[in-house]
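S.K.: To start, I am sharing the structure in question, which I have written as structure tokens.
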Amino acid sequence: MSAEGAPGLALLGLRKHFGSQLVLDEVDLTVAPGAFAALLGASGSGKTTLLRLIAGFERPDAGSVVIGGQVVEAPGRRVAPEGRRVGYVPQEAALFPHLSVEANVAFGLARRRRNEAVRLLELVGMAPYAHRLPHQLSGGQQQRVALARALAIKPALVLLDEPFSSLDPNLRAAVRDEVGRILREAGSTVLLVTHDQDEALSLADVVAVLRRGVVAQCAAPRALYGAPADVELACFLGEANVLEGVATAGLVATVLGVAACSSGTEIAEGEALEVLVRPEQLRLVATSDPTAPPGSLAAVVERLDYHGHDAVIRLRLERESRTPLVARTLGDPGVAAGERVRVWLDGAVRAWPRQVANATRRAVNVQD
Amino acid sequence: MSPRKIPPLLLALALAVCVVLAGPLVFLSIEAASARDVGALVFRAFTAELLWNTARLTVVAVAACVVLGTGAAFLVERTDLPLRRFFAVAFVVPLAIPDFVVAFGWSSLNGAISGFWGALLVMSVAVYPLVYLPVAASLRNGDPTEEEVARSLGYGALRTFARVTLAQARVAILGGALLCALVILAEYGAFEMLGYQTFTTEIFTELQVAFDLQGAAALSLVLVALSILLVAGELLSRGRRTAERTRAPRRPPQRLALGRLRPVAFLGASGLVAGAIGVPVATCGYWMAQSVSAPLAGSSLASATAQTAWYGLAAGALAVALALPVALLSVRHPGVLAVVLERSTYLVLAVPGLVVALALSTASLRYGGGFGYQSAPLMIFAYALLFFPLALVGVRTSLAQAPRRLEEVARSLGVHRFSVFCRVTLPLIAPGLAAGFCLVFLSVVTELTATLVLRPTGVETLSTQFWSYQQNLSYAQAAPFALVMVGLAALPSVALGRYFDRLARRHLTSGPAS
């Protein structure tokens, strides 16, 4: 479908402002053909605007967009939305309310190809509903029809605009997996826009984090979560403990002891660091439990939020009580609020030199 | 959302419509300015008397309409009033009965019904549906959660109604009151029949009896100024209601059990229907029965009906066509320009039919060398101008409900802009277009004042024929014209009522599962 060797999607220096507000500032992004990419950003980060620029609903102030090897937006060149072969699945499905499910899917098909709609409806498992009207479908069903409608035009790129956020939570995971499977089978290049970290990390091959109008980092989910570019990103991607540390002999020393550490930049001996410890890296047992390893520290549980499949425990070290810590255990941690526990750090941590960290640091210990 | 580039063709069309709409006012101003002693004509004791007559009737009748319309809407939408579905229709039907037919009904019932009190009675029962309709819609679509919250916060049923329900309906009530006031300011036939003098009747006399075009134009400007004041006042008092509705699924509101008041409410509602529909229809029926002896002008009835229907259809289509670009601009490309253009078209609301007719005939006589004067196209054009705001409301509402996102999706599916308009936008707004069309049709069928001034020589519509028979006191011959007129006008009203009913029910029951 795409030109040989050309990326599925390439954005170069995209810039857009509304009035005096700069929404996108020099956005660069490349997605390999056939890849499933996610664009992750908080609300107001400009992700919806970026998507509308790609689809051609808005014009950028500067920069270019290349879809499947075809330049669709560049200075002096612009392809109208209908010429871009972008399959767009909006947030609320946005099915045409006056058309049946089948007619919705056939909307973008040439007259002689209208019968392909049935095949697409089978692909998304909606064939039995071909003659229903959109308002007779549930939210999840509407999303699947919207997907079939987008795939009907054999898109060079599929854009998903928070397609799961309006579904109720029980349904969301199932529809998400289903949509992911269908899109992978179709082999299209996909860009999913979302504010949900779980969704981005679990669905996509590659995740780009959009922050204040620029792509802060673009990497595979594991690399992104394990090695975020800065502290702010680390906190955005999931709950985090950010501790002060000092580099010593290739390791890092924190209130939790000495641990192996990785960093994207060169770290000098004795340099002050900011250290990321994920809640799941903190292990804890009741003080009476003999399995606590040597080097574990005494702490008090301040609060415990039990979620069934896991539990979030907020605690303070007895030795150094000004740093609150948050730990996550799978299942029942077997401790209660107010109880004394022993806590230790498991695995390597991520660290950044403090001055860099301070410059970009916005929030520490923020939830999601 | 974001300011997007406005398609030049759309902008040009919308601008052209606005210029056309502004035309009559401009002509009128030029005409009045060229009158020799405008000052002397306008500022005299008689003007003050007219002003007093017009103002006091407008104020009192509007107040009565607000009470009747809001009360009726509350009874139908929020209580367990018996025969609610019947009343829901019966309260709207008076829209199809011209005010002068209501006046005819009442005054031939009892000759004492005349003057201020007669005018007050007739206008109240004839015009209250203009309040009833928007208020009922607002009560129907209002969020019952707000009321439930008020109740849970310790408000009684009555206080909740006053503080929450009425507040929700405030914009609707104000809008309805404005329409009532404008109609009363512009009314000619009913007041002439009841012997009550207002600005409009005086302008008509000035024109038809004294043939004083410039004098009439000067007086018209006073009337226009009054109306513009009202429109501006309504816009200002509407205020900003920006609180976003939660997207909670709609539930039908709780109905208030009337208990022992139920028979009283039922009697009241029936009385209103009897006064607004019963009296005029019964009177016309009575006179029809009397006409068994008199020869019924069957052929003239048929030709007047055909003529009226043709004007209504043509004007409805034209008005909707004119409204489309303005609505598209204001809904799809919101911005300062769009707001100014759209609001300026509402000025037409403030210009009484008689004034529009006057301006157009002046223009055609003075600048067109009589071209088009008293011709069918000018007549239809006048109707379309006059009832443009009605068409605009219908088109605008439905466009606002057809999300732009759907058009974007359609374009991303590889379909060209124009094709998207035909395949997505038009089908979605078709009900709104139809509603706008029906409203214009109904208004044309029951229009009298402008028709009397502008109709082509020798052509009679239902209303003009009724009027001339009635003026000659040939009530028996006039009655059939009134009845056919009401029937013709009621056709789209009924369709409209059913449409809104269905729309409301669809919104209540379906709302995509989220």
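Labels used: A, B, ... for chains in the order of the structure tokens, numbers from 1 for residues in each chain, and numbers from 1 for ligands as shown.
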Could you go through stretch 109-342 of chain A and tell me which residues DSSP, when run on the backbone, assigns to helix (DSSP H, G or I), listing them as a short mmCIF file (atom, residue, chain, number, x, y, z; two decimals) with C-alpha atoms, in the first residue's frame?
M.R.:
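Printed below is out_24.cif as written:
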data_model
loop_
_atom_site.label_atom_id
_atom_site.label_comp_id
_atom_site.auth_asym_id
_atom_site.auth_seq_id
_atom_site.Cartn_x
_atom_site.Cartn_y
_atom_site.Cartn_z
CA ARG A 111 -20.96 2.13 -5.89
CA ARG A 112 -19.74 -1.11 -7.48
CA ARG A 113 -17.80 -2.05 -4.35
CA GLU A 116 -17.65 -5.29 0.37
CA ALA A 117 -19.39 -3.73 3.33
CA VAL A 118 -20.71 -7.14 4.33
CA ARG A 119 -17.22 -8.61 4.41
CA LEU A 120 -16.03 -5.76 6.62
CA LEU A 121 -18.98 -6.19 8.94
CA GLU A 122 -18.03 -9.85 9.27
CA LEU A 123 -14.47 -8.81 10.06
CA ALA A 127 -22.73 -8.72 10.18
CA PRO A 128 -25.97 -9.65 12.00
CA TYR A 129 -26.62 -5.99 12.66
CA PRO A 134 -26.78 3.37 14.80
CA HIS A 135 -28.89 4.40 17.78
CA GLN A 136 -29.97 0.78 18.20
CA GLY A 139 -21.34 1.97 22.42
CA GLY A 140 -18.94 -0.90 21.76
CA GLN A 141 -20.89 -2.02 18.72
CA GLN A 142 -20.89 1.51 17.37
CA GLN A 143 -17.12 1.64 17.71
CA ARG A 144 -16.72 -1.58 15.77
CA VAL A 145 -18.93 -0.29 12.97
CA ALA A 146 -16.94 2.94 12.91
CA LEU A 147 -13.80 0.85 12.57
CA ALA A 148 -15.24 -1.16 9.70
CA ARG A 149 -16.28 2.07 8.01
CA ALA A 150 -12.75 3.42 8.32
CA LEU A 151 -11.18 0.20 7.03
CA PRO A 169 -14.92 0.12 31.89
CA ASN A 170 -16.17 -3.49 31.77
CA LEU A 171 -16.50 -3.27 28.02
CA ARG A 172 -13.39 -1.24 27.36
CA ALA A 173 -10.75 -3.93 27.68
CA ALA A 174 -12.66 -6.37 25.47
CA VAL A 175 -13.35 -3.85 22.70
CA ARG A 176 -9.77 -2.64 22.92
CA ASP A 177 -8.30 -6.09 22.41
CA GLU A 178 -10.75 -6.81 19.63
CA VAL A 179 -9.94 -3.58 17.80
CA GLY A 180 -6.23 -4.19 18.24
CA ARG A 181 -6.57 -7.67 16.75
CA ILE A 182 -8.63 -6.49 13.78
CA LEU A 183 -6.22 -3.69 12.99
CA ARG A 184 -3.20 -5.98 13.16
CA GLU A 185 -4.91 -8.44 10.85
CA ALA A 186 -5.69 -5.64 8.42
CA GLN A 197 -1.24 5.12 29.79
CA ASP A 198 -2.45 1.53 30.17
CA GLU A 199 -4.14 1.69 26.81
CA ALA A 200 -1.11 3.12 25.05
CA LEU A 201 1.40 0.79 26.69
CA SER A 202 -0.66 -2.36 26.21
CA LEU A 203 -1.86 -1.81 22.63
CA PRO A 221 6.33 0.63 25.56
CA ARG A 222 8.91 -1.21 27.68
CA ALA A 223 11.70 1.19 26.85
CA LEU A 224 9.43 4.12 27.56
CA TYR A 225 8.21 2.86 30.90
CA GLY A 226 11.60 1.54 31.99
CA VAL A 231 11.34 12.63 35.74
CA GLU A 232 8.20 14.36 34.58
CA LEU A 233 7.67 11.72 31.90
CA ALA A 234 8.36 9.00 34.42
CA CYS A 235 5.63 10.37 36.67
CA PHE A 236 3.23 10.78 33.78
CA LEU A 237 3.63 7.18 32.67
CA PRO A 279 5.97 1.25 43.34
CA GLU A 280 6.18 -2.33 42.13
CA GLN A 281 9.94 -2.25 42.75
#
S.K.: Using only C-alpha atoms, what does the table of chain A residues within 8 Å of chain B look like, with each row giving the shortest atom pair and its distance in Å to one decimal, sorted by chain and ascending number, as JSON lines?
M.R.:
{"residue": "A:Phe18", "atom": "CA", "partner": "B:Ser2", "partner_atom": "CA", "distance": 6.7}
{"residue": "A:Ala55", "atom": "CA", "partner": "B:Ser412", "partner_atom": "CA", "distance": 6.9}
{"residue": "A:Phe57", "atom": "CA", "partner": "B:Glu408", "partner_atom": "CA", "distance": 6.8}
{"residue": "A:Glu58", "atom": "CA", "partner": "B:Arg4", "partner_atom": "CA", "distance": 7.5}
{"residue": "A:Pro81", "atom": "CA", "partner": "B:Ser412", "partner_atom": "CA", "distance": 5.1}
{"residue": "A:Glu82", "atom": "CA", "partner": "B:Gly414", "partner_atom": "CA", "distance": 3.7}
{"residue": "A:Gly83", "atom": "CA", "partner": "B:Gly414", "partner_atom": "CA", "distance": 5.8}
{"residue": "A:Arg84", "atom": "CA", "partner": "B:Ser412", "partner_atom": "CA", "distance": 7.1}
{"residue": "A:Arg85", "atom": "CA", "partner": "B:Gly414", "partner_atom": "CA", "distance": 6.6}
{"residue": "A:Val86", "atom": "CA", "partner": "B:Ser412", "partner_atom": "CA", "distance": 5.9}
{"residue": "A:Gly87", "atom": "CA", "partner": "B:Ser412", "partner_atom": "CA", "distance": 6.5}
{"residue": "A:Tyr88", "atom": "CA", "partner": "B:Val409", "partner_atom": "CA", "distance": 6.4}
{"residue": "A:Val89", "atom": "CA", "partner": "B:Val409", "partner_atom": "CA", "distance": 7.8}
{"residue": "A:Pro90", "atom": "CA", "partner": "B:Val409", "partner_atom": "CA", "distance": 7.8}
{"residue": "A:Ala94", "atom": "CA", "partner": "B:Leu406", "partner_atom": "CA", "distance": 5.8}
{"residue": "A:Leu95", "atom": "CA", "partner": "B:Leu406", "partner_atom": "CA", "distance": 7.2}
{"residue": "A:Phe96", "atom": "CA", "partner": "B:Leu406", "partner_atom": "CA", "distance": 6.6}
{"residue": "A:Pro97", "atom": "CA", "partner": "B:Leu428", "partner_atom": "CA", "distance": 7.9}
{"residue": "A:His98", "atom": "CA", "partner": "B:Leu428", "partner_atom": "CA", "distance": 6.8}
{"residue": "A:Phe107", "atom": "CA", "partner": "B:Leu413", "partner_atom": "CA", "distance": 7.4}
{"residue": "A:Gly108", "atom": "CA", "partner": "B:Leu413", "partner_atom": "CA", "distance": 4.8}
{"residue": "A:Pro134", "atom": "CA", "partner": "B:Pro512", "partner_atom": "CA", "distance": 7.7}
{"residue": "A:His135", "atom": "CA", "partner": "B:Pro512", "partner_atom": "CA", "distance": 4.9}
{"residue": "A:Gln136", "atom": "CA", "partner": "B:Pro512", "partner_atom": "CA", "distance": 7.1}
{"residue": "A:Leu137", "atom": "CA", "partner": "B:Pro512", "partner_atom": "CA", "distance": 7.0}
{"residue": "A:Ser138", "atom": "CA", "partner": "B:Ala513", "partner_atom": "CA", "distance": 5.0}
{"residue": "A:Gly139", "atom": "CA", "partner": "B:Ser514", "partner_atom": "CA", "distance": 5.1}
{"residue": "A:Ala150", "atom": "CA", "partner": "B:Leu413", "partner_atom": "CA", "distance": 6.9}
{"residue": "A:Ile153", "atom": "CA", "partner": "B:Leu413", "partner_atom": "CA", "distance": 6.5}
{"residue": "A:Ser166", "atom": "CA", "partner": "B:Ser514", "partner_atom": "CA", "distance": 6.3}
{"residue": "A:Leu167", "atom": "CA", "partner": "B:Ser514", "partner_atom": "CA", "distance": 6.0}
{"residue": "A:Asp168", "atom": "CA", "partner": "B:Ser514", "partner_atom": "CA", "distance": 7.1}
S.K.: Go ahead and write the selection's residues with C-alpha atoms as an mmCIF file, in the first residue's frame.
M.R.:
data_model
loop_
_atom_site.group_PDB
_atom_site.id
_atom_site.type_symbol
_atom_site.label_atom_id
_atom_site.label_comp_id
_atom_site.auth_asym_id
_atom_site.auth_seq_id
_atom_site.Cartn_x
_atom_site.Cartn_y
_atom_site.Cartn_z
ATOM 1 C CA PHE A 18 -4.921 29.091 17.870
ATOM 2 C CA ALA A 55 -6.550 14.000 8.860
ATOM 3 C CA PHE A 57 -9.426 18.941 9.082
ATOM 4 C CA GLU A 58 -7.116 21.775 10.118
ATOM 5 C CA PRO A 81 -9.178 15.275 3.683
ATOM 6 C CA GLU A 82 -10.979 13.180 1.089
ATOM 7 C CA GLY A 83 -7.728 12.596 -0.802
ATOM 8 C CA ARG A 84 -5.625 11.369 2.113
ATOM 9 C CA ARG A 85 -6.911 7.814 2.555
ATOM 10 C CA VAL A 86 -6.982 8.241 6.299
ATOM 11 C CA GLY A 87 -9.429 6.001 8.144
ATOM 12 C CA TYR A 88 -10.690 8.144 10.971
ATOM 13 C CA VAL A 89 -12.407 6.597 13.999
ATOM 14 C CA PRO A 90 -13.579 9.427 16.257
ATOM 15 C CA ALA A 94 -19.884 9.388 14.915
ATOM 16 C CA LEU A 95 -21.879 7.005 12.788
ATOM 17 C CA PHE A 96 -24.203 8.704 10.328
ATOM 18 C CA PRO A 97 -27.466 8.517 12.275
ATOM 19 C CA HIS A 98 -29.674 8.459 9.190
ATOM 20 C CA PHE A 107 -20.307 5.224 2.688
ATOM 21 C CA GLY A 108 -16.753 5.575 1.415
ATOM 22 C CA PRO A 134 -26.775 3.372 14.798
ATOM 23 C CA HIS A 135 -28.890 4.404 17.782
ATOM 24 C CA GLN A 136 -29.971 0.782 18.204
ATOM 25 C CA LEU A 137 -26.398 -0.290 18.930
ATOM 26 C CA SER A 138 -24.414 -0.237 22.136
ATOM 27 C CA GLY A 139 -21.341 1.966 22.422
ATOM 28 C CA ALA A 150 -12.753 3.422 8.318
ATOM 29 C CA ILE A 153 -11.482 2.686 2.160
ATOM 30 C CA SER A 166 -16.601 6.646 26.039
ATOM 31 C CA LEU A 167 -17.109 2.928 26.669
ATOM 32 C CA ASP A 168 -17.878 1.707 30.123
#
S.K.: Can you measure atom CA of B:Val336 to atom CA of B:Ala181 for me? One decimal in Å is fine.
M.R.: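 Separating atom CA of B:Val336 from atom CA of B:Ala181 is a distance of 28.2 Å.
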